[in-house]
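The structure under discussion appears below in the form of structure tokens.
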Amino acid sequence: MSESETESNLMQVRYPNSNRGLPFKTLSNIGSFFLILLSVIPTTAAASSNSASTQEKYSDAMASYAALIEFEPMHGNVKNTLQLVKYLEDGKVTKKYFVSFAANGCVESIKWKNVYNGGSSVSLKKIKDKLISFQGTAEDEYYQLDSDCKIIKNIKTNEEYIYENNLISEIRKDGDVVKSFKFNSENELIEIAQSTPYKYLLKFDYLKNKNITTEISTSVLMADRSASEKVTCFDFDTNGNPSHCDLIRKTSLEDKIVNIKHLYKTNYY
């Protein structure tokens, strides 16, 4: 990713026809579900050994936003982060994320585009206490925020977001838990369990050397099928955030290894 690549020329998005279901970190029917499900796994927790920031955990807000909105969390006082997923088989960028934050850490805008599945996209901007999508003069409300900028409701799906110790803990609909999240002491996401519409369990294992995360292994279990990923990150900035990560994926669906590159460009206050 060159220095000339900016949010404006990478994130030309269209208004979505419907609210997207599975995240940037997840795999969508059984075959492609595993490909989508593992493509939304946190890959940026690896930290630079040259940075004092590497000993700091993710902020509560960053960890929760990343888990809910399904982008990769970043250390430091982030102004914006551009995140790309590139499949090495054809060299094409298949997914793009651009997330911007206010100086106080409150999310300001989100742009997401999945090139791989035909171009579904979403562009959201914070207006007062909501994240809203625009198409011309038309507005469509997506998320409700509270006075602390926590996302407390998905307006389109009528799901409520429950927090524990300032971290997202559960997503509920009609009183039932449809998804739950677990974090470790460094606010790294270690488990996602979903019951509907697809039932799956994602687990993340952060391998460390002298308290520095050097590798992330992820496993997903869905019915009688499974998949796994291993991520190694390189070229860290002074906040301990990588500029790219190499990812290798294996699934029980076919005897094939998929190589993927994650590219990141992050700006700070």
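Every chain in the structure tokens takes a letter, A first, then B, and so on in the order presented; its residues are numbered from 1, and the ligands are numbered from 1 following the presented order.
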
Within 12 Å of A:Ala61 using only C-alpha atoms, minus same-chain residues under 2 positions, as a PyMOL selection string: chain A and resi 57-59+63-69+73-78+101-102+104-107+145+148-151+163+165-168+187

Output the selection as a PDB file, in the first residue's frame - C-alpha atoms for each residue.
```pdb
ATOM      1  CA  LYS A  57      -3.792  -2.842  26.555  1.00  0.00           C
ATOM      2  CA  TYR A  58      -6.313  -1.728  23.980  1.00  0.00           C
ATOM      3  CA  SER A  59      -8.665   0.923  25.312  1.00  0.00           C
ATOM      4  CA  ALA A  63     -11.681  -3.164  21.940  1.00  0.00           C
ATOM      5  CA  SER A  64     -15.485  -2.917  21.992  1.00  0.00           C
ATOM      6  CA  TYR A  65     -15.783  -1.010  18.697  1.00  0.00           C
ATOM      7  CA  ALA A  66     -13.508  -3.508  16.960  1.00  0.00           C
ATOM      8  CA  ALA A  67     -15.474  -6.500  18.280  1.00  0.00           C
ATOM      9  CA  LEU A  68     -18.862  -5.020  17.349  1.00  0.00           C
ATOM     10  CA  ILE A  69     -18.107  -3.260  14.079  1.00  0.00           C
ATOM     11  CA  PRO A  73      -8.231  -2.956  17.004  1.00  0.00           C
ATOM     12  CA  MET A  74      -5.309  -0.507  17.180  1.00  0.00           C
ATOM     13  CA  HIS A  75      -3.153   0.802  20.030  1.00  0.00           C
ATOM     14  CA  GLY A  76      -2.660   4.522  20.716  1.00  0.00           C
ATOM     15  CA  ASN A  77      -4.746   7.664  20.184  1.00  0.00           C
ATOM     16  CA  VAL A  78      -5.891   6.701  16.691  1.00  0.00           C
ATOM     17  CA  PHE A 101     -12.194   8.547  15.656  1.00  0.00           C
ATOM     18  CA  ALA A 102     -12.517  11.817  17.556  1.00  0.00           C
ATOM     19  CA  ASN A 104     -11.526  11.456  22.803  1.00  0.00           C
ATOM     20  CA  GLY A 105     -11.666   8.005  21.176  1.00  0.00           C
ATOM     21  CA  CYS A 106     -15.324   8.169  20.095  1.00  0.00           C
ATOM     22  CA  VAL A 107     -15.968   6.596  16.690  1.00  0.00           C
ATOM     23  CA  LEU A 145     -24.798   5.421  20.992  1.00  0.00           C
ATOM     24  CA  ASP A 148     -20.141   7.705  26.625  1.00  0.00           C
ATOM     25  CA  CYS A 149     -20.120   6.828  22.899  1.00  0.00           C
ATOM     26  CA  LYS A 150     -20.787   3.154  23.558  1.00  0.00           C
ATOM     27  CA  ILE A 151     -22.792   1.446  20.820  1.00  0.00           C
ATOM     28  CA  TYR A 163     -21.429  -4.154  28.489  1.00  0.00           C
ATOM     29  CA  ASN A 165     -16.657  -3.446  32.950  1.00  0.00           C
ATOM     30  CA  ASN A 166     -16.953  -1.077  29.952  1.00  0.00           C
ATOM     31  CA  LEU A 167     -16.334  -3.907  27.459  1.00  0.00           C
ATOM     32  CA  ILE A 168     -18.925  -5.368  25.121  1.00  0.00           C
ATOM     33  CA  ASN A 187      -8.487  -6.275  26.224  1.00  0.00           C
TER      34      ASN A 187
END
```

A:Lys250: which residues within 12 Å, counting only C-alpha atoms, same-chain residues fewer than 5 positions away excluded, as a PyMOL selection string? chain A and resi 34-35+38-39+217-220+225-231+255-260

Any idea what's packed within 12 Å of A:Asp176, counting only C-alpha atoms, ignoring anything in its chain fewer than 5 positions away? Could you give it as a PyMOL selection string? chain A and resi 158-162+170-171+194-196

Given only C-alpha atoms as the counted atoms, nearest of A:Asn184, A:Lys199, A:Leu124, A:Asn239 to A:Asp60: A:Asn184

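Going from atom CA of A:Ile110 over to atom CA of A:Phe98, you cover 5.8 Å.
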
Which residues are near stretch 130-135 of chain A? Cut-off 8 Å, only C-alpha atoms, ignore same chain within fewer than 5 positions. Put them as an mmCIF file with C-alpha atoms, in the first residue's frame.
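Printed below is out-v1.cif as written:
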```cif
data_model
loop_
_atom_site.group_PDB
_atom_site.id
_atom_site.type_symbol
_atom_site.label_atom_id
_atom_site.label_comp_id
_atom_site.auth_asym_id
_atom_site.auth_seq_id
_atom_site.Cartn_x
_atom_site.Cartn_y
_atom_site.Cartn_z
ATOM 1 C CA ARG A 14 -22.259 2.587 -2.188
ATOM 2 C CA TYR A 15 -25.289 2.550 0.031
ATOM 3 C CA SER A 109 -17.183 7.363 10.778
ATOM 4 C CA VAL A 122 -21.627 0.630 3.994
ATOM 5 C CA SER A 123 -20.683 4.194 4.860
ATOM 6 C CA LEU A 124 -21.634 5.468 8.315
ATOM 7 C CA LYS A 125 -21.131 8.829 9.995
ATOM 8 C CA ASP A 140 -30.696 5.419 7.379
ATOM 9 C CA GLU A 141 -29.954 4.889 11.065
ATOM 10 C CA TYR A 142 -27.700 1.943 11.934
ATOM 11 C CA TYR A 143 -26.425 2.252 15.522
ATOM 12 C CA GLN A 144 -27.532 4.037 18.703
ATOM 13 C CA LEU A 145 -24.798 5.421 20.992
#
```

Could you please determine the separation between atom CA of A:Lys261 and atom CA of A:Trp112 in Å, to one decimal place? 17.4 Å

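Nearest to A:Phe236 of all the residues A:Lys208, A:Asp224, A:Lys173, A:Thr266 is A:Thr266, counting only C-alpha atoms.
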
Residue list (strand (DSSP E or B), DSSP) for stretch 27-263 of chain A, as a PyMOL selection string: chain A and resi 40+78-87+92-101+107-114+120-127+130-135+138-145+151-154+159-164+167-173+176-183+189-194+200-209+212-222+225-236+242-251+257-263

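If you measure from each of A:Ile216, A:Ala223, A:Val93, A:Met62 to A:Leu247 using only C-alpha atoms, the closest one turns out to be A:Ile216.
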
Within 10 Å of A:His262 using only C-alpha atoms, minus same-chain residues under 5 positions, as a PyMOL selection string: chain A and resi 39+43-44+83-87+93+95-96+231+233+242-247

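Taking atom CA of A:Asp235 and atom CA of A:Glu191 as the two end points, the separation is 26.7 Å.
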
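When DSSP is run on the backbone, the residues of stretch 57-209 of chain A that fall into alpha helix (DSSP H) are Asp60, Ala61, Met62, Ala63, Ser64 and Tyr65 of chain A.
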